[in-house]
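Have a look at query-v5.cif; it's mmCIF, C-alpha atoms:
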data_input
#
loop_
_atom_site.label_atom_id
_atom_site.label_comp_id
_atom_site.auth_asym_id
_atom_site.auth_seq_id
_atom_site.Cartn_x
_atom_site.Cartn_y
_atom_site.Cartn_z
CA MET A 1351 29.70 78.90 -61.03
CA GLY A 1352 27.43 80.66 -63.44
CA GLN A 1353 26.97 77.54 -65.48
CA SER A 1354 24.61 74.85 -64.39
CA LYS A 1355 25.97 71.36 -64.08
CA GLN A 1356 23.56 68.46 -64.46
CA PHE A 1357 23.94 65.31 -62.30
CA PRO A 1358 22.37 61.97 -63.27
CA LEU A 1359 19.35 60.87 -61.28
CA GLU A 1360 20.57 57.89 -59.15
CA GLU A 1361 20.74 56.83 -55.59
CA SER A 1362 23.32 58.90 -53.84
CA SER A 1363 25.92 57.38 -51.57
CA CYS A 1364 28.08 58.80 -48.88
CA GLU A 1365 31.01 59.14 -51.33
CA LYS A 1366 28.99 61.56 -53.53
CA GLY A 1367 28.55 65.14 -52.36
CA CYS A 1368 25.50 67.35 -52.57
CA GLN A 1369 25.82 70.99 -53.60
CA VAL A 1370 25.24 72.69 -50.30
CA THR A 1371 27.17 75.13 -48.18
CA SER A 1372 28.72 74.50 -44.79
CA GLU A 1373 26.35 77.01 -43.19
CA GLN A 1374 23.40 75.06 -44.46
CA ILE A 1375 24.94 71.85 -43.12
CA LYS A 1376 25.21 73.34 -39.66
CA ALA A 1377 21.63 74.57 -39.83
CA ASP A 1378 20.43 71.13 -40.88
CA MET A 1379 22.33 69.41 -38.09
CA LYS A 1380 20.81 71.78 -35.56
CA ALA A 1381 17.35 71.14 -37.00
CA ALA A 1382 17.92 67.39 -36.81
CA ARG A 1383 18.78 67.61 -33.12
CA ASP A 1384 15.67 69.67 -32.46
CA ILE A 1385 13.27 67.03 -33.81
CA PRO A 1386 10.50 66.27 -31.24
CA GLU A 1387 11.07 63.26 -28.98
CA LYS A 1388 8.04 61.46 -30.25
CA LYS A 1389 9.48 61.38 -33.76
CA LYS A 1390 12.82 59.95 -32.69
CA ASN A 1391 11.43 56.45 -32.03
CA LYS A 1392 9.91 56.21 -35.48
CA ASP A 1393 11.76 55.53 -38.68
CA VAL A 1394 10.63 58.77 -40.37
CA TYR A 1395 13.85 59.63 -42.10
CA PRO A 1396 13.98 58.76 -45.80
CA SER A 1397 17.16 57.65 -47.46
CA CYS A 1398 19.47 60.08 -49.15
CA SER A 1399 17.54 61.99 -51.78
CA SER A 1400 18.17 60.91 -55.36
CA THR A 1401 17.28 64.39 -56.65
CA SER A 1402 20.23 66.69 -57.22
CA ALA A 1403 20.18 70.46 -57.61
CA SER A 1404 20.59 71.71 -61.16
CA THR A 1405 22.28 75.00 -60.30
CA VAL A 1406 24.20 76.35 -57.37
CA GLY A 1407 22.30 79.60 -57.25
CA ASN A 1408 18.92 77.97 -57.15
CA SER A 1409 17.82 78.32 -53.54
CA SER A 1410 14.90 75.98 -54.03
CA SER A 1411 17.24 73.23 -55.21
CA LEU A 1412 19.46 73.78 -52.23
CA SER A 1413 16.59 73.59 -49.82
CA THR A 1414 15.33 70.44 -51.53
CA ALA A 1415 18.65 68.75 -51.25
CA SER A 1416 18.96 69.70 -47.61
CA GLN A 1417 15.62 68.14 -46.60
CA SER A 1418 17.23 64.75 -46.11
CA PRO A 1419 18.65 64.70 -42.60
CA ASP A 1420 19.87 61.12 -42.88
CA CYS A 1421 23.18 62.10 -44.47
CA VAL A 1422 24.64 65.55 -44.99
CA ARG A 1423 27.33 66.31 -47.54
CA THR A 1424 29.36 69.40 -48.52
CA VAL A 1425 31.39 70.82 -51.43
CA ASN A 1426 33.95 73.63 -51.55
CA SER A 1427 33.34 76.99 -53.03
CA SER A 1428 35.01 76.08 -56.32
CA GLY A 1429 32.42 73.44 -57.03
CA SER A 1430 34.78 70.52 -56.45
CA SER A 1431 33.25 67.35 -55.09
CA GLU A 1432 36.13 66.76 -52.69
CA PRO A 1433 35.43 68.25 -49.22
CA SER A 1434 38.05 70.13 -47.27
CA PRO A 1435 39.77 68.23 -44.42
CA ALA A 1436 38.21 70.42 -41.79
CA GLU A 1437 34.75 70.00 -43.15
CA ALA A 1438 35.06 66.31 -44.02
CA ASP A 1439 34.87 65.25 -40.39
CA VAL A 1440 31.66 67.16 -39.95
CA SER A 1441 30.12 66.36 -43.30
CA ARG A 1442 30.66 62.59 -43.02
CA GLN A 1443 29.37 62.27 -39.52
CA CYS A 1444 26.12 60.38 -39.09
CA VAL A 1445 23.18 62.39 -37.81
CA CYS A 1446 20.71 59.52 -37.76
CA SER A 1447 18.43 59.38 -34.76
CA PRO A 1448 20.24 57.67 -31.89
CA ALA A 1449 17.09 55.92 -30.76
CA GLY A 1450 16.27 54.66 -34.21
CA SER A 1451 19.76 53.42 -34.91
CA GLU A 1452 20.07 51.63 -31.58
CA ASP A 1453 16.80 49.82 -32.08
CA SER A 1454 17.92 48.45 -35.42
CA MET A 1455 21.54 47.93 -34.47
CA GLU A 1456 22.77 44.42 -33.89
CA GLU A 1457 25.35 43.38 -31.41
CA GLY A 1458 28.12 43.23 -34.00
CA ASP A 1459 27.44 46.78 -35.21
CA ALA A 1460 28.26 48.31 -31.85
CA GLU A 1461 31.98 47.95 -32.55
CA SER A 1462 31.79 49.53 -36.04
CA SER A 1463 32.28 53.26 -36.78
CA ILE A 1464 30.10 53.12 -39.93
CA CYS A 1465 26.39 53.79 -39.64
CA PRO A 1466 24.38 50.77 -40.88
CA ARG A 1467 21.62 53.10 -42.18
CA CYS A 1468 23.50 55.65 -44.21
CA SER A 1469 27.10 54.30 -44.25
CA CYS A 1470 28.33 57.55 -42.68
CA HIS A 1471 30.87 57.78 -39.93
CA ARG A 1472 29.40 57.81 -36.44
CA PRO A 1473 30.85 60.06 -33.78
CA GLN A 1474 33.00 58.24 -31.27
CA GLU A 1475 30.83 59.46 -28.44
CA SER A 1476 27.78 57.98 -30.16
CA GLN A 1477 29.65 54.70 -30.60
CA ARG A 1478 30.54 54.64 -26.96
CA ARG A 1479 26.96 55.41 -26.01
CA THR A 1480 25.54 52.62 -28.13
CA SER A 1481 28.13 50.08 -27.04
CA ARG A 1482 27.71 50.75 -23.36
CA CYS A 1483 24.88 49.61 -21.15
CA SER A 1484 23.55 52.38 -18.96
CA ASP A 1485 20.96 52.08 -16.20
CA GLU A 1486 18.43 54.13 -18.16
CA GLU A 1487 18.81 52.32 -21.51
CA ARG A 1488 18.91 48.66 -20.35
CA PRO A 1489 16.57 46.66 -18.14
CA SER A 1490 17.81 45.51 -14.76
CA THR A 1491 18.29 41.91 -15.90
CA SER A 1492 20.51 42.98 -18.83
CA ARG A 1493 22.51 45.21 -16.55
CA ALA A 1494 23.05 42.32 -14.15
CA CYS A 1495 24.07 40.03 -16.99
CA VAL A 1496 26.69 42.47 -18.24
CA VAL A 1497 28.16 43.04 -14.82
CA ASN A 1498 28.04 39.55 -13.31
CA GLY A 1499 27.32 37.11 -16.11
CA PRO A 1500 24.18 34.64 -16.27
CA ASP A 1501 25.54 31.30 -14.52
CA GLU A 1502 26.60 33.92 -11.29
CA VAL A 1503 23.09 35.59 -11.28
CA ALA A 1504 21.51 32.18 -10.64
CA LYS A 1505 23.87 31.59 -7.75
CA THR A 1506 23.07 35.00 -6.34
CA LYS A 1507 19.34 34.38 -6.49
CA THR A 1508 19.69 30.92 -5.00
CA ARG A 1509 21.81 32.31 -2.21
CA HIS A 1510 19.14 34.86 -1.33
CA THR A 1511 16.02 32.73 -1.82
CA MET A 1512 17.06 29.46 -0.18
CA LYS A 1513 16.82 29.31 3.56
CA ARG A 1514 19.11 27.18 5.60
CA LYS A 1515 17.25 24.43 7.37
CA ARG A 1516 18.13 23.90 10.95
CA THR A 1517 18.85 20.32 11.94
CA ALA A 1518 19.32 18.79 15.31
CA ASP A 1519 20.28 15.32 16.46
CA LYS A 1520 17.46 13.57 18.28
CA SER A 1521 18.09 10.36 20.15
CA THR A 1522 15.30 7.99 21.14
CA SER A 1523 15.15 6.41 24.52
CA THR A 1524 16.05 2.76 24.81
CA SER A 1525 12.82 2.27 26.72
CA ASP A 1526 10.63 3.25 23.76
CA PRO A 1527 8.54 0.26 22.57
CA VAL A 1528 9.61 -1.09 19.19
CA ILE A 1529 7.27 -3.35 17.23
CA GLU A 1530 9.18 -5.81 15.12
CA ASP A 1531 8.21 -8.93 13.23
CA ASP A 1532 8.98 -12.12 15.07
CA HIS A 1533 12.05 -13.92 13.87
CA VAL A 1534 10.87 -17.10 12.18
CA GLN A 1535 11.90 -20.19 14.14
CA VAL A 1536 10.68 -23.48 12.71
CA LEU A 1537 10.70 -26.74 14.65
CA VAL A 1538 10.56 -29.71 12.28
CA LEU A 1539 9.81 -33.06 13.88
CA LYS A 1540 10.79 -36.26 12.11
CA SER A 1541 10.92 -39.39 14.23
CA LYS A 1542 9.72 -42.96 14.02
CA ASN A 1543 9.44 -43.36 17.80
CA LEU A 1544 8.28 -39.95 19.05
CA VAL A 1545 4.80 -40.25 20.60
CA GLY A 1546 4.26 -36.69 21.82
CA VAL A 1547 5.74 -33.24 22.26
CA THR A 1548 5.24 -30.73 25.06
CA MET A 1549 6.38 -27.13 24.65
CA THR A 1550 6.37 -24.57 27.47
CA ASN A 1551 7.65 -21.00 27.10
CA CYS A 1552 9.17 -22.05 23.80
CA GLY A 1553 10.27 -19.44 21.26
CA ILE A 1554 9.37 -21.21 18.01
CA THR A 1555 6.91 -19.70 15.54
CA ASP A 1556 6.12 -22.76 13.38
CA LEU A 1557 5.72 -26.43 14.24
CA VAL A 1558 6.03 -28.95 11.42
CA LEU A 1559 5.13 -32.62 11.81
CA LYS A 1560 7.10 -33.96 8.90
CA ASP A 1561 7.18 -37.72 9.53
CA CYS A 1562 5.91 -38.88 12.90
CA PRO A 1563 4.09 -42.21 12.47
CA LYS A 1564 3.62 -42.79 16.24
CA MET A 1565 2.88 -39.21 17.33
CA MET A 1566 -0.20 -39.07 19.61
CA PHE A 1567 -0.39 -35.59 21.19
CA ILE A 1568 0.90 -32.02 21.06
CA HIS A 1569 0.86 -29.69 24.07
CA ALA A 1570 1.91 -26.05 23.81
CA THR A 1571 1.65 -23.69 26.80
CA ARG A 1572 2.67 -20.03 27.03
CA CYS A 1573 4.55 -20.08 23.72
CA ARG A 1574 4.23 -16.37 23.04
CA VAL A 1575 5.27 -16.37 19.35
CA LEU A 1576 3.86 -19.74 18.27
CA LYS A 1577 1.62 -19.11 15.28
CA HIS A 1578 1.34 -21.97 12.79
CA LEU A 1579 1.04 -25.74 12.53
CA LYS A 1580 1.83 -27.83 9.50
CA VAL A 1581 1.01 -31.54 9.40
CA GLU A 1582 2.69 -33.51 6.62
CA SER A 1583 2.60 -37.03 8.04
CA ALA A 1584 1.29 -37.77 11.52
CA PRO A 1585 -1.78 -40.01 11.08
CA LEU A 1586 -2.26 -40.99 14.73
CA VAL A 1587 -2.03 -37.64 16.52
CA ASN A 1588 -5.43 -36.97 18.10
CA ARG A 1589 -4.97 -34.52 21.02
CA PHE A 1590 -3.97 -30.90 20.56
CA ASP A 1591 -3.66 -28.52 23.50
CA TYR A 1592 -2.86 -24.84 22.89
CA ALA A 1593 -3.05 -22.76 26.07
CA GLN A 1594 -2.10 -19.09 26.46
CA CYS A 1595 -0.26 -18.89 23.12
CA LYS A 1596 -0.83 -15.21 22.44
CA LYS A 1597 -0.16 -15.11 18.69
CA LEU A 1598 -1.65 -18.44 17.68
CA ASN A 1599 -3.47 -18.37 14.35
CA MET A 1600 -6.55 -20.38 15.30
CA ASP A 1601 -8.03 -20.54 11.82
CA GLN A 1602 -4.81 -21.91 10.33
CA VAL A 1603 -4.26 -24.48 13.09
CA LEU A 1604 -7.84 -25.78 12.95
CA ASP A 1605 -7.73 -26.00 9.17
CA GLN A 1606 -4.54 -28.08 9.29
CA ILE A 1607 -5.96 -30.52 11.82
CA LEU A 1608 -9.31 -30.96 10.09
CA ARG A 1609 -7.59 -31.62 6.77
CA MET A 1610 -5.80 -34.65 8.18
CA PRO A 1611 -7.06 -38.02 6.86
CA PRO A 1612 -9.98 -39.21 9.09
CA GLU A 1613 -8.11 -42.14 10.63
CA ARG A 1614 -8.69 -41.05 14.25
CA ASN A 1615 -11.10 -39.02 16.33
CA ARG A 1616 -9.48 -35.75 17.29
CA ILE A 1617 -9.95 -33.34 20.18
CA ILE A 1618 -8.56 -29.81 20.17
CA TYR A 1619 -8.35 -27.78 23.37
CA LEU A 1620 -7.80 -24.03 22.99
CA ARG A 1621 -7.34 -21.18 25.48
CA PRO A 1622 -6.97 -18.11 23.27
CA MET A 1623 -5.68 -14.78 24.55
CA GLN A 1624 -7.63 -12.66 22.07
CA GLN A 1625 -11.29 -12.21 21.20
CA VAL A 1626 -12.84 -14.87 18.98
CA ASP A 1627 -15.51 -14.27 16.34
CA THR A 1628 -17.57 -17.36 17.14
CA LEU A 1629 -20.07 -17.00 14.29
CA THR A 1630 -17.36 -16.71 11.65
CA LEU A 1631 -15.46 -19.62 13.17
CA GLU A 1632 -18.53 -21.86 13.18
CA GLN A 1633 -19.31 -21.01 9.57
CA LYS A 1634 -15.78 -21.85 8.41
CA LEU A 1635 -15.72 -25.19 10.19
CA PHE A 1636 -19.18 -26.44 9.26
CA SER A 1637 -19.01 -25.28 5.64
CA GLY A 1638 -15.47 -26.52 5.01
CA PRO A 1639 -14.34 -29.69 3.20
CA TYR A 1640 -13.78 -31.63 6.43
CA PRO A 1641 -14.93 -35.31 6.51
CA TYR A 1642 -15.78 -35.32 10.22
CA HIS A 1643 -18.75 -34.73 12.46
CA ILE A 1644 -17.85 -31.54 14.30
CA CYS A 1645 -18.79 -30.09 17.66
CA ILE A 1646 -17.62 -26.76 19.11
CA ILE A 1647 -17.89 -26.24 22.86
CA HIS A 1648 -17.72 -22.68 24.22
CA GLU A 1649 -16.69 -22.77 27.90
CA PHE A 1650 -16.93 -19.58 30.00
CA SER A 1651 -15.94 -20.77 33.48
CA ASN A 1652 -13.37 -18.60 35.28
CA PRO A 1653 -11.37 -19.95 37.00
CA PRO A 1654 -11.52 -22.74 34.45
CA ASN A 1655 -13.59 -25.84 35.11
CA VAL A 1656 -12.42 -29.08 33.50
CA ARG A 1657 -15.55 -31.19 33.95
CA ASN A 1658 -16.85 -30.71 30.43
CA LYS A 1659 -13.37 -31.15 29.01
CA VAL A 1660 -12.92 -34.53 30.68
CA ARG A 1661 -16.37 -35.78 29.77
CA ILE A 1662 -15.95 -34.97 26.09
CA ARG A 1663 -13.22 -37.57 25.73
CA SER A 1664 -15.59 -40.30 26.85
CA TRP A 1665 -18.70 -39.64 24.84
CA MET A 1666 -17.07 -38.56 21.55
CA ASP A 1667 -15.61 -42.05 21.25
CA THR A 1668 -19.08 -43.50 21.87
CA ILE A 1669 -20.53 -41.55 18.92
CA ALA A 1670 -17.73 -42.60 16.56
CA ASN A 1671 -18.04 -46.26 17.55
CA ILE A 1672 -21.79 -46.24 16.77
CA ASN A 1673 -21.15 -44.79 13.32
CA GLN A 1674 -18.46 -47.33 12.49
CA GLU A 1675 -20.70 -50.17 13.60
CA LEU A 1676 -23.55 -48.97 11.39
CA ILE A 1677 -21.37 -48.46 8.31
CA LYS A 1678 -19.49 -51.75 8.58
CA TYR A 1679 -22.23 -54.11 9.74
CA GLU A 1680 -25.59 -52.43 9.14
CA PHE A 1681 -24.93 -51.17 5.62
CA PHE A 1682 -25.61 -47.64 6.68
CA PRO A 1683 -24.65 -44.94 4.12
CA GLU A 1684 -21.38 -43.12 4.76
CA ALA A 1685 -21.30 -39.36 4.37
CA SER A 1686 -18.79 -37.58 2.14
CA ARG A 1687 -17.44 -34.05 1.87
CA THR A 1688 -16.32 -33.63 -1.73
CA GLU A 1689 -16.34 -30.51 -3.86
CA ASP A 1690 -19.69 -31.56 -5.32
CA ASP A 1691 -21.12 -31.85 -1.82
CA LEU A 1692 -19.95 -28.32 -1.03
CA LYS A 1693 -21.58 -26.97 -4.19
CA LYS A 1694 -24.88 -28.63 -3.31
CA HIS A 1695 -24.99 -26.94 0.09
CA PRO A 1696 -23.58 -23.40 -0.16
CA LYS A 1697 -25.75 -22.02 2.68
CA TYR A 1698 -26.59 -22.87 6.26
CA PRO A 1699 -26.69 -25.64 7.46
CA TRP A 1700 -24.25 -26.68 4.67
CA GLY A 1701 -25.60 -30.21 4.43
CA ARG A 1702 -25.28 -30.91 8.14
CA ASP A 1703 -27.84 -31.51 10.90
CA ILE A 1704 -26.69 -28.73 13.24
CA TYR A 1705 -28.14 -28.21 16.72
CA THR A 1706 -27.19 -26.42 19.95
CA LEU A 1707 -27.00 -27.53 23.59
CA GLU A 1708 -26.59 -25.10 26.49
CA GLY A 1709 -26.15 -25.41 30.24
CA VAL A 1710 -24.41 -24.19 33.40
CA VAL A 1711 -21.54 -25.83 35.25
CA ASP A 1712 -20.69 -24.54 38.74
CA GLY A 1713 -22.40 -21.26 37.97
CA ALA A 1714 -20.59 -20.75 34.63
CA PRO A 1715 -22.45 -21.06 31.32
CA TYR A 1716 -21.43 -23.21 28.39
CA SER A 1717 -22.84 -23.91 24.94
CA MET A 1718 -22.24 -26.50 22.28
CA ILE A 1719 -23.04 -26.37 18.58
CA SER A 1720 -22.67 -29.65 16.72
CA ASP A 1721 -23.84 -31.99 13.99
CA PHE A 1722 -23.05 -35.11 16.06
CA PRO A 1723 -25.73 -37.73 15.43
CA TRP A 1724 -27.41 -39.61 18.29
CA LEU A 1725 -26.16 -37.27 21.01
CA ARG A 1726 -29.49 -35.59 21.74
CA SER A 1727 -31.33 -38.92 22.05
CA LEU A 1728 -28.67 -40.48 24.27
CA ARG A 1729 -28.59 -37.42 26.52
CA ALA A 1730 -32.37 -37.47 27.01
CA ALA A 1731 -32.61 -41.26 27.58
CA GLU A 1732 -33.30 -42.80 30.97
CA PRO A 1733 -30.44 -44.62 32.79
CA ASN A 1734 -30.35 -48.38 32.19
CA SER A 1735 -29.35 -51.29 34.43
CA PHE A 1736 -25.69 -50.67 33.75
CA ALA A 1737 -25.77 -47.16 35.14
CA ARG A 1738 -23.12 -46.30 37.70
CA TYR A 1739 -23.74 -43.75 40.45
CA ASP A 1740 -20.24 -43.56 41.88
CA PHE A 1741 -19.61 -40.25 40.12
CA GLU A 1742 -20.16 -36.95 41.89
CA ASP A 1743 -21.34 -35.27 38.68
CA ASP A 1744 -24.05 -36.31 36.28
CA GLU A 1745 -25.70 -35.14 33.07
CA GLU A 1746 -27.23 -32.20 34.90
CA SER A 1747 -23.80 -30.63 35.60
CA THR A 1748 -22.08 -31.64 32.33
CA ILE A 1749 -23.03 -31.87 28.69
CA TYR A 1750 -23.24 -35.63 28.67
CA ALA A 1751 -22.18 -38.38 31.12
CA PRO A 1752 -22.39 -41.78 29.36
CA ARG A 1753 -21.42 -43.88 32.38
CA ARG A 1754 -24.02 -42.17 34.53
CA LYS A 1755 -26.59 -43.33 31.93
CA GLY A 1756 -25.17 -46.85 31.70
CA GLN A 1757 -24.25 -46.33 28.04
CA LEU A 1758 -20.96 -48.21 28.25
CA SER A 1759 -20.71 -49.66 24.70
CA ALA A 1760 -21.87 -49.03 21.17
CA ASP A 1761 -24.24 -52.03 21.23
CA ILE A 1762 -26.03 -50.81 24.39
CA CYS A 1763 -26.35 -47.30 22.89
CA MET A 1764 -27.75 -48.65 19.61
CA GLU A 1765 -30.56 -50.37 21.53
CA THR A 1766 -31.45 -46.99 23.08
CA ILE A 1767 -31.53 -45.11 19.76
CA GLY A 1768 -32.96 -47.84 17.53
CA GLU A 1769 -35.93 -45.76 16.31
CA GLU A 1770 -33.75 -42.83 15.30
CA ILE A 1771 -31.43 -45.14 13.36
CA SER A 1772 -34.39 -46.46 11.34
CA GLU A 1773 -35.58 -42.96 10.48
CA MET A 1774 -32.17 -41.92 9.21
CA ARG A 1775 -31.82 -45.05 7.14
CA GLN A 1776 -35.11 -44.31 5.38
CA MET A 1777 -34.03 -40.75 4.73
CA LYS A 1778 -30.72 -42.10 3.31
CA LYS A 1779 -28.68 -39.72 5.40
CA GLY A 1780 -25.08 -40.75 5.73
CA VAL A 1781 -22.75 -40.44 8.72
CA PHE A 1782 -18.99 -39.94 9.09
CA GLN A 1783 -16.86 -42.55 10.77
CA ARG A 1784 -14.81 -40.01 12.73
CA VAL A 1785 -15.56 -36.97 14.86
CA VAL A 1786 -13.68 -33.83 15.93
CA ALA A 1787 -14.35 -31.93 19.16
CA ILE A 1788 -13.10 -28.34 19.55
CA PHE A 1789 -13.15 -27.06 23.12
CA ILE A 1790 -12.58 -23.29 23.46
CA HIS A 1791 -12.06 -21.85 26.92
CA TYR A 1792 -12.58 -18.08 27.11
CA CYS A 1793 -10.97 -17.27 30.47
CA ASP A 1794 -7.86 -15.65 28.89
CA VAL A 1795 -9.39 -13.67 26.01
CA ASN A 1796 -8.66 -10.31 27.68
CA GLY A 1797 -4.95 -10.86 27.17
CA GLU A 1798 -4.13 -11.62 30.82
CA PRO A 1799 -3.37 -15.30 31.54
CA VAL A 1800 -5.36 -16.91 34.34
CA GLU A 1801 -3.46 -19.19 36.68
CA ASP A 1802 -4.57 -22.76 36.19
CA ASP A 1803 -3.39 -25.84 38.09
CA TYR A 1804 -4.56 -28.10 35.26
CA ILE A 1805 -2.20 -26.70 32.63
#
Full structure transcribed into structure tokens:
Amino acid sequence: MGQSKQFPLEESSCEKGCQVTSEQIKADMKAARDIPEKKKNKDVYPSCSSTSASTVGNSSSLSTASQSPDCVRTVNSSGSSEPSPAEADVSRQCVCSPAGSEDSMEEGDAESSICPRCSCHRPQESQRRTSRCSDEERPSTSRACVVNGPDEVAKTKTRHTMKRKRTADKSTSTSDPVIEDDHVQVLVLKSKNLVGVTMTNCGITDLVLKDCPKMMFIHATRCRVLKHLKVESAPLVNRFDYAQCKKLNMDQVLDQILRMPPERNRIIYLRPMQQVDTLTLEQKLFSGPYPYHICIIHEFSNPPNVRNKVRIRSWMDTIANINQELIKYEFFPEASRTEDDLKKHPKYPWGRDIYTLEGVVDGAPYSMISDFPWLRSLRAAEPNSFARYDFEDDEESTIYAPRRKGQLSADICMETIGEEISEMRQMKKGVFQRVVAIFIHYCDVNGEPVEDDYI
């Protein structure tokens, strides 16, 4: 003990002892526990000191060796490096800061009894403290994960956050109105002998004239779902009556009729059950590619008056016969309606001589817009020797009454309008051989059908 024993300067390990007494060890352990709280969270402890004391009696060396609180070692009084069994448990216990060690400890180290910082043995109580999850040391989410597991926490949250929606069966009344598309019902006509078809309260939606060489007329009355007409081959059909057909597509029907080859004069009688945009309709008809002279009569009598309707059938034939006579025998130019003609006249009056006639029949007004040639001159002419007065109506109560004027043939009419024919020839204005008259009666446009004995 009186001799000094030198130790090599090297990093000490937990297997090597430092020359200190057990009393000093206890003092150091107490000092380590009394370290302020603010220093516990910082890694302020150095590793085991590599400086060894040169002599046992040197108090300064002992105090130097004991300044390292990370690991504390002991020797017996004889100077042997082997500690006694009673002191070994205390000397090899880790006194590292619990907070510091837990911060740096990994999950796998919680099961080990060796300190990862100084390789000393940790107390079992410290091991249990570091391996357990207390309310103060772990956040609430970690505590929940340890107790319940993560997939279960999600279920718990969903169970609390989702609200059950209340459902109830609701039945609708059978009297509630249901708007549905009409079931398509197509009537296709193909016959070599059929001359006409009359439909009343019929449930078809489309009428197709596929091959009807002798067909002359089509009458449709109160067909509530009738919408369309398609003409494939019916060259002779010339009378179309559509009365109180609520869903009729007027634009489509008129387009189909006017696209037929101009082999006959055609008259179309309409009693729509919805409002009609007359300006748009007139523009479509007069600007379209239709090789006919066209007139549109707007009749407003209610209850309906048929005088104008009957008279139209007489004088429209007179106009067409004059045109055919001029083209065939007088070398008068014939008008055309090709794509080039449409491009030349993109605006009103679209290459036509359009005029308007208005009047009153039995207190109800009417109007006619047309490009029929000769009609204005014939209407204003004086009656000739062939005039017949056995008719109760005359030109004053109808648009035009040819028999009242004595204009019974094309030749007699041409004598009356000779000057106008010469003017048009000089101007090189052509005429069409055929005409189309469209008679629109507005007594049903409010949606309520008016009783009519003539239908």
If you count only C-alpha atoms, which residues fall within 9 Å of A:Lys1560, apart from same-chain ones fewer than 6 positions away, as a PyMOL selection string? chain A and resi 1538-1541+1580-1584
So what do you get for atom CA of A:Pro1654 versus atom CA of A:Glu1801, distance-wise?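 Between atom CA of A:Pro1654 and atom CA of A:Glu1801 the gap works out to 9.1 Å.
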As an exercise, work out the distance from atom CA of A:Ala1730 to atom CA of A:Ile1771 in Å and give it to one decimal place. 15.7 Å
Could the centre and edge lengths of an axis-aligned box, enclosing all atoms of stretch 1785-1789 of chain A in the file with 6 Å extra on each side, be given in Å to one decimal as JSON?
{"center_x": -14.3, "center_y": -32.0, "center_z": 19.0, "size_x": 14.5, "size_y": 21.9, "size_z": 20.3}
Evaluate the PyMOL selection byres ((chain A and resi 1669) around 8) on the structure here and hand back the selected residues as a PDB file with C-alpha atoms, keeping the file's coordinate frame.
ATOM      1  CA  TRP A1665     -18.700 -39.640  24.840  1.00  0.00           C
ATOM      2  CA  MET A1666     -17.070 -38.560  21.550  1.00  0.00           C
ATOM      3  CA  ASP A1667     -15.610 -42.050  21.250  1.00  0.00           C
ATOM      4  CA  THR A1668     -19.080 -43.500  21.870  1.00  0.00           C
ATOM      5  CA  ALA A1670     -17.730 -42.600  16.560  1.00  0.00           C
ATOM      6  CA  ASN A1671     -18.040 -46.260  17.550  1.00  0.00           C
ATOM      7  CA  ILE A1672     -21.790 -46.240  16.770  1.00  0.00           C
ATOM      8  CA  ASN A1673     -21.150 -44.790  13.320  1.00  0.00           C
ATOM      9  CA  PHE A1722     -23.050 -35.110  16.060  1.00  0.00           C
ATOM     10  CA  PRO A1723     -25.730 -37.730  15.430  1.00  0.00           C
ATOM     11  CA  TRP A1724     -27.410 -39.610  18.290  1.00  0.00           C
ATOM     12  CA  LEU A1725     -26.160 -37.270  21.010  1.00  0.00           C
ATOM     13  CA  ALA A1760     -21.870 -49.030  21.170  1.00  0.00           C
ATOM     14  CA  VAL A1785     -15.560 -36.970  14.860  1.00  0.00           C
TER      15      VAL A1785
END
With all atoms listed in the file as the counted atoms, please give the residues lying no more than 9 Å from A:Ile1788, apart from itself and same-chain residues fewer than 3 positions off, as a PyMOL selection string. chain A and resi 1604+1616-1620+1644-1648
With distances taken over all atoms listed in the file, which residue among A:Val1656, A:Leu1579, A:Val1800, A:Met1777 lies nearest A:Met1623?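 Closest candidate: A:Val1800.
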